[in-house]
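Notes follow once the structure below has been shown.
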Amino acid sequence: MSTLIICPNCKNQFEPEAAIAQSVEERVRKEFNQKWAELAKQKDEQFTIEKQQLLRHQEERELHWQQQPKGIARIQVDERKP
């Protein structure tokens, strides 16, 4: 059984449960959106860091490869073939 409240100013009738539910829903939605945005930001930052690490690792390997004498590089490539 629902209870109706009548506003003393405008005489509008409403159910207190609906008003409370709306308030709670808005608060929960706001908190959820804030946490979602924080997590998305953390993931973006983590992705950027990992991408930078991979690029740095790739550059180091390329530099290492370029610094090797040509004969050694060919021997290593030939050794990998079955």
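Simple scheme: letters A, B, ... for chains in structure tokens order, numbers from 1 for residues in each chain, numbers from 1 for ligands in the order shown.
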
Per-residue DSSP, chain A, filtered to strand (DSSP E), as a list in words: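 Selecting the strand (DSSP E) positions of chain A gives Ile5, Ile6, Gln13 and Phe14 of chain A.
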
Those in stretch 1-73 of chain A with helix (DSSP H, G or I) from DSSP, as a PyMOL selection string: chain A and resi 16-67+70-73

Atom CA of A:Gln67 to atom CA of A:Glu50, straight-line distance in Å: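 Taking atom CA of A:Glu50 as the start and atom CA of A:Gln67 as the end point, the length is 25.6 Å.
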
Contacts of A:Pro16 at 12 Å (only C-alpha atoms; same-chain gap of 3+ positions) as a list in words: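 Residues near the query, excluding close chain neighbours: Ser2, Thr3, Leu4, Ile5, Ile6, Cys7, Gln13, Ala19, Ile20, Ala21, Gln22 and Ser23 of chain A.
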
Save out the residues we just selected, C-alpha atoms, as a PDB file, in the first residue's frame.
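What landed in selection_35.pdb:
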```
ATOM      1  CA  SER A   2       1.568   3.283  -1.077  1.00  0.00           C
ATOM      2  CA  THR A   3       1.313   6.526   0.800  1.00  0.00           C
ATOM      3  CA  LEU A   4       0.784   9.802  -0.998  1.00  0.00           C
ATOM      4  CA  ILE A   5       2.255  13.036   0.242  1.00  0.00           C
ATOM      5  CA  ILE A   6       0.725  16.342  -0.770  1.00  0.00           C
ATOM      6  CA  CYS A   7       3.065  19.285  -1.210  1.00  0.00           C
ATOM      7  CA  GLN A  13       0.846  14.531  -4.856  1.00  0.00           C
ATOM      8  CA  ALA A  19      11.192  10.398  -4.561  1.00  0.00           C
ATOM      9  CA  ILE A  20      13.692   8.522  -2.388  1.00  0.00           C
ATOM     10  CA  ALA A  21      14.380   5.962  -5.102  1.00  0.00           C
ATOM     11  CA  GLN A  22      15.084   8.715  -7.619  1.00  0.00           C
ATOM     12  CA  SER A  23      17.489  10.438  -5.225  1.00  0.00           C
TER      13      SER A  23
END
```
